[in-house]
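Contents: one structure, followed by commentary.
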Amino acid sequence: MTLATKAVYKFIMQDFLRMSLSYSSIVTIAAHQVIVPCPGVSFTPFHAGHVLGACMFLIDIAGLKVLYTGDYSREDDRHLVQAQVPSIRPDVLIVESTYGVQKHEALRGREQRFVDLVTAVVKRGGHVLLPSFALGRAQEILLILEEHWSKNPDLHSVPIYYVSSLAKKCMAVYQTNISSMNSKIQERWNRQDNPFIFKFITNLPQTRGAEKKVAEGPPCVVLASPGFMDNGSSRELLELWAPDPRNAVIITGYSVEGTMARDIQNSPDEIVSMKGNTIPRRLAVEVISFSAHVDGEQNLEFIKQVKAQHVVLMHGEAKAMFSLKSKLEQTYAGNEEGIQIHAPHNTENLKLTFRGDRIAKAIGRIAEGKATENTTLQGLLLSKDYTFTLLDPRDLAEFTGLSTSVVVQTQRIAISVSLDLVKWHLEGFFGSVVDGIDADHVRTLRVMGTVDVKHTREDELTLEWESSITTDMIADSTLALILGIESSPASVKLTMSPHSHHTHADEGDEELMQQIRCEQIAAFLESHFGFAEIELPEETKGSLDDPTIIVRVDESTARVNLSNLAVSCGNEALRSRVQSVVQMAATTISSLADMYGLKDIHAIRPLETKIDDARFKEEDEDLLKEEDEDEEIKMES
């Protein structure tokens with residue numbers, strides 16, 4: 001609670017429960033102060049402008065932000081700070097809908113109409129009843145009356161009373177919490193002028209028969225609680241003054257359905273007293289709202305400024321709430337931001353979905369580089385107390401005290417074919433294989449930069465890779481491919497050929513591979529559009545144009561540049577279709593290495609290219625003998 005709210009709370013609880021068991025447990029806070037009750041959860045209060053000390057709260061739960069307004073006002077009145085729009089955009093806005101789409105009268109015109117009406121009633125010899133609650137609007141109305149009386153000496157003889165012991169107690173809070181009010185009040189305070197020490201307004205002690213004595217006395221203005229006039233001083237004065245047409249009751253705040261304050265606005269001929277008998281109603285009934293709730297226009301503007309993804313309406317009668325919902329749905333129909341409006345019934349569960357970005361703080365080595373927009377960063381993403389941190393694995397121990405481990409897996413395979421045949425099959429499947437020797441001078445085939453196939457013995461291959469979800473999958477594919485080489489028809493055909501196996505992408509074959517690629521794309525386009533023709537470049541002035549594929553559909557022609565796969569066409573619809581098919585074709589004919597190439601481990605474990613220096617791995621003879629004996633035992637079993 002704010003300090004002012006705590007001060008008022010004491011009197012409200014004493015008045016309502018006659019005790020204040022929770023008072024000692026209250027911790028006071030200030031506007032904009034961030035409260036963190038537990039890791040990952042925080043509250044930030046903002047001025048709500050409803051009553052002295054009232055706040056709306058921005059609640060942050062694991063990065064999800066909810067702004068709960070409660071009752072709030074955007075009115076620039078005489079003493080309160082108007083509700084503030086937080087600078088942080090929340091995901092959810094829970095907002096009141098008290099007045100629906102109804103609009104308040106302009107503040108200055110409303111005040112003038114109010115004082116003119118009060119003056120007219122007292123000058124014709126009548127009494128003015130102002131039903132109001134003890135806290136909030138009562139103080140605003142008293143400030144208006146005090147100023148008007150000070151400017152009109154002819155009214156000095158007409159007394160103004162406020163009848164509420166609670167209002168009297170709360171007045172002391174208003175007199176001492178000037179810092180919680182707006183600049184107008186603070187400026188007067190700086191001039192040694194306390195606005196809440198009144199000259200023309202007095203408190204009427206609630207002694208027995210006090211209401212009747214005032215009712216039978218000369219013209220006066222009485223501000224009495226409660227505001228709904230269902231009981232208390234305001235109801236007693238209404239019943240006493242109702243038969244006299246010189247008197248008037250002015251409803252200055254919001255009235256709930258089913259209360260006397262709402263019923264009397266229909267100007268009934270009779271009212272029912274608290275004792276059950278009927279009383280003729282002759283006094284004038286006027287409604288001049290000084291409600292501390294936003295009207296429809298102010299609410300719509302606030303919602304627009306907050307820009308929450310979900311808007312949840314509450315604190316309103318069904319008719320007002322759903323009229324506001326309908327207006328908001330019309331306003332945000334088809335909006336690109338996906339703003340959704342909700343008006344749940346009481347006790348109804350509301351499930352919301354969000355599309356939000358999670359923010360991670362980069363530290364250590366990752367933060368040293370200058371990242372630009374759309375830069376991809378790779379590292380470990382750590383989550384603690386709903387916050388995220390991105391760091392290099394090498395910095396893990398320094399910043400967290402944790403350590404990392406790398407699991408290197410090996411798999412031995414017996415083979416009866418040459419390594420060149422194995423390489424030929426691997427290139428045919430994966431598209432890219434690096435051939436070299438490792439630090440032990442063992443000939444090694446590196447598949448997709450991650451899995452090493454080592455020729456460790458004449459009749460044996462050893463697969464070695466750093467374990468991860470992706471590399472394990474590549475290793476499994478490599479293993480399955482190697483195990484199937486001996487039974488492959490292609491292997492039988494190649495081993496019967498007198499020449500050695502050449503690679504799929506030898507330097508001398510690059511031109512041929514490019515031609516095959518062009519033909520495959522052209523075949524793809526022809527199957528989709530019926531006509532596709534390769535147009536080879538012509539040599540002019542020592543330079544070559546890029547090869548293209550011509551696609552014709554009816555009278556439209558599209559050209560596909562085979563160097564960058566860009567499509568040009570005067571017909572935008574055809575250009576878009578051809579571009580989609582070209583992208584599909586490029587993906588289909590690409591090798592796995594081109595499509596899913598991973599970060600090469602060459603920087604960590606480089607391979608030398610002089611494969612003539614390769615030799616088999618030297619192993620301990622005793623170890624090999626033990627392994628052979630173990631295999632014999634398994635066979636016997």
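Quick note on naming: the chains in the structure tokens go A, B, ... in the order shown, residues restart at 1 in each chain, and ligands are numbered from 1 in order of appearance.
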
Would you list the contacts of range 460-464 of chain A as a count of residues only, taking every protein, DNA or RNA residue within 12 Å and counting only C-alpha atoms, but skipping same-chain residues closer than 4 positions in sequence? 44

For the contact check between range 324-382 of chain A and range 63-81 of chain A, emit one row per residue of range 324-382 of chain A within 10 Å, containing the shortest atom pair and the distance in Å rounded to one decimal, counting only C-alpha atoms, chain then rising number order, as JSON lines.
```
{"residue": "A:Phe354", "atom": "CA", "partner": "A:Leu64", "partner_atom": "CA", "distance": 9.0}
{"residue": "A:Gly356", "atom": "CA", "partner": "A:Leu64", "partner_atom": "CA", "distance": 8.6}
{"residue": "A:Asp357", "atom": "CA", "partner": "A:Gly63", "partner_atom": "CA", "distance": 9.3}
{"residue": "A:Arg358", "atom": "CA", "partner": "A:Gly63", "partner_atom": "CA", "distance": 7.6}
{"residue": "A:Ile359", "atom": "CA", "partner": "A:Gly63", "partner_atom": "CA", "distance": 8.7}
```

From the DSSP assignment of the backbone, select every residue of range 183-407 of chain A that is strand (DSSP E), and format the answer as an MDAnalysis selection string. chainID A and resid 201:203 221:224 248:251 270:272 278:280 284:287 310:314 340:342 360:362 380:384 387:391

Create the file for the chosen residues now, containing C-alpha atoms and written as a CSV table (one decimal), in the first residue's frame.
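Here's the written file out-v2.csv:
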```
chain,number,residue,atom,x,y,z
A,201,ILE,CA,-17.1,24.1,5.5
A,202,THR,CA,-17.6,22.4,8.9
A,203,ASN,CA,-18.1,18.9,10.0
A,221,VAL,CA,-25.5,22.5,1.7
A,222,VAL,CA,-24.9,19.0,3.2
A,223,LEU,CA,-22.5,16.5,1.9
A,224,ALA,CA,-23.5,13.2,3.5
A,248,ALA,CA,-32.6,19.4,-4.4
A,249,VAL,CA,-30.5,16.2,-4.3
A,250,ILE,CA,-27.5,16.2,-6.7
A,251,ILE,CA,-26.1,12.7,-7.5
A,270,GLU,CA,-42.9,8.6,-4.2
A,271,ILE,CA,-40.0,7.0,-2.4
A,272,VAL,CA,-40.2,4.2,0.3
A,278,THR,CA,-44.2,6.0,1.3
A,279,ILE,CA,-43.0,9.6,1.1
A,280,PRO,CA,-44.0,12.0,-1.7
A,284,ALA,CA,-35.5,18.3,-7.6
A,285,VAL,CA,-33.2,15.5,-8.7
A,286,GLU,CA,-30.1,16.3,-10.7
A,287,VAL,CA,-27.1,14.2,-11.9
A,310,HIS,CA,-4.9,-9.0,-24.5
A,311,VAL,CA,-7.4,-6.5,-23.0
A,312,VAL,CA,-9.6,-8.0,-20.2
A,313,LEU,CA,-12.6,-5.9,-19.2
A,314,MET,CA,-13.9,-5.9,-15.6
A,340,GLN,CA,-7.8,-9.5,-28.4
A,341,ILE,CA,-10.6,-8.2,-26.3
A,342,HIS,CA,-12.1,-10.3,-23.4
A,360,ALA,CA,18.6,-13.2,-23.2
A,361,LYS,CA,21.6,-11.2,-21.9
A,362,ALA,CA,24.8,-12.1,-23.7
A,380,LEU,CA,24.6,-21.9,-24.1
A,381,LEU,CA,21.2,-20.5,-23.0
A,382,LEU,CA,20.9,-20.6,-19.3
A,383,SER,CA,17.7,-19.9,-17.4
A,384,LYS,CA,17.5,-18.9,-13.7
A,387,THR,CA,15.9,-14.7,-16.7
A,388,PHE,CA,17.9,-15.9,-19.6
A,389,THR,CA,21.7,-15.7,-20.2
A,390,LEU,CA,23.6,-16.6,-23.4
A,391,LEU,CA,27.3,-17.4,-23.1
```

10 Å contact set for Val581 in chain A, only C-alpha atoms, chain neighbours under 2 positions out, as a ChimeraX atom specification: /A:521,524-525,528-529,576-579,583-587

For the residues in that selection, give me N, CA and C atoms as a PDB file, in the first residue's frame.
```
ATOM      1  N   ILE A 521      17.289 -29.053 -62.742  1.00  0.00           N
ATOM      2  CA  ILE A 521      16.358 -27.950 -62.469  1.00  0.00           C
ATOM      3  C   ILE A 521      15.406 -27.764 -63.633  1.00  0.00           C
ATOM      4  N   PHE A 524      12.770 -30.347 -63.581  1.00  0.00           N
ATOM      5  CA  PHE A 524      11.809 -30.017 -62.527  1.00  0.00           C
ATOM      6  C   PHE A 524      10.790 -29.005 -63.032  1.00  0.00           C
ATOM      7  N   LEU A 525      11.294 -27.945 -63.685  1.00  0.00           N
ATOM      8  CA  LEU A 525      10.405 -26.893 -64.184  1.00  0.00           C
ATOM      9  C   LEU A 525       9.508 -27.412 -65.307  1.00  0.00           C
ATOM     10  N   HIS A 528       6.489 -29.179 -64.125  1.00  0.00           N
ATOM     11  CA  HIS A 528       5.479 -28.310 -63.517  1.00  0.00           C
ATOM     12  C   HIS A 528       4.771 -27.413 -64.531  1.00  0.00           C
ATOM     13  N   PHE A 529       5.520 -26.939 -65.538  1.00  0.00           N
ATOM     14  CA  PHE A 529       4.954 -25.931 -66.441  1.00  0.00           C
ATOM     15  C   PHE A 529       4.816 -26.407 -67.887  1.00  0.00           C
ATOM     16  N   SER A 576       6.246 -15.505 -59.407  1.00  0.00           N
ATOM     17  CA  SER A 576       6.170 -16.043 -58.051  1.00  0.00           C
ATOM     18  C   SER A 576       6.082 -17.564 -58.062  1.00  0.00           C
ATOM     19  N   ARG A 577       5.289 -18.126 -58.993  1.00  0.00           N
ATOM     20  CA  ARG A 577       5.152 -19.593 -59.079  1.00  0.00           C
ATOM     21  C   ARG A 577       6.455 -20.249 -59.493  1.00  0.00           C
ATOM     22  N   VAL A 578       7.121 -19.661 -60.487  1.00  0.00           N
ATOM     23  CA  VAL A 578       8.388 -20.230 -60.957  1.00  0.00           C
ATOM     24  C   VAL A 578       9.435 -20.158 -59.854  1.00  0.00           C
ATOM     25  N   GLN A 579       9.485 -19.034 -59.123  1.00  0.00           N
ATOM     26  CA  GLN A 579      10.454 -18.885 -58.032  1.00  0.00           C
ATOM     27  C   GLN A 579      10.259 -19.968 -56.973  1.00  0.00           C
ATOM     28  N   GLN A 583      13.052 -22.908 -56.046  1.00  0.00           N
ATOM     29  CA  GLN A 583      13.551 -23.137 -54.683  1.00  0.00           C
ATOM     30  C   GLN A 583      13.339 -24.585 -54.262  1.00  0.00           C
ATOM     31  N   MET A 584      12.186 -25.141 -54.639  1.00  0.00           N
ATOM     32  CA  MET A 584      11.903 -26.536 -54.332  1.00  0.00           C
ATOM     33  C   MET A 584      12.886 -27.458 -55.051  1.00  0.00           C
ATOM     34  N   ALA A 585      13.192 -27.141 -56.320  1.00  0.00           N
ATOM     35  CA  ALA A 585      14.122 -27.954 -57.098  1.00  0.00           C
ATOM     36  C   ALA A 585      15.522 -27.891 -56.515  1.00  0.00           C
ATOM     37  N   ALA A 586      15.968 -26.682 -56.147  1.00  0.00           N
ATOM     38  CA  ALA A 586      17.307 -26.520 -55.586  1.00  0.00           C
ATOM     39  C   ALA A 586      17.468 -27.312 -54.300  1.00  0.00           C
ATOM     40  N   THR A 587      16.409 -27.321 -53.482  1.00  0.00           N
ATOM     41  CA  THR A 587      16.454 -28.091 -52.240  1.00  0.00           C
ATOM     42  C   THR A 587      16.492 -29.585 -52.518  1.00  0.00           C
TER      43      THR A 587
END
```
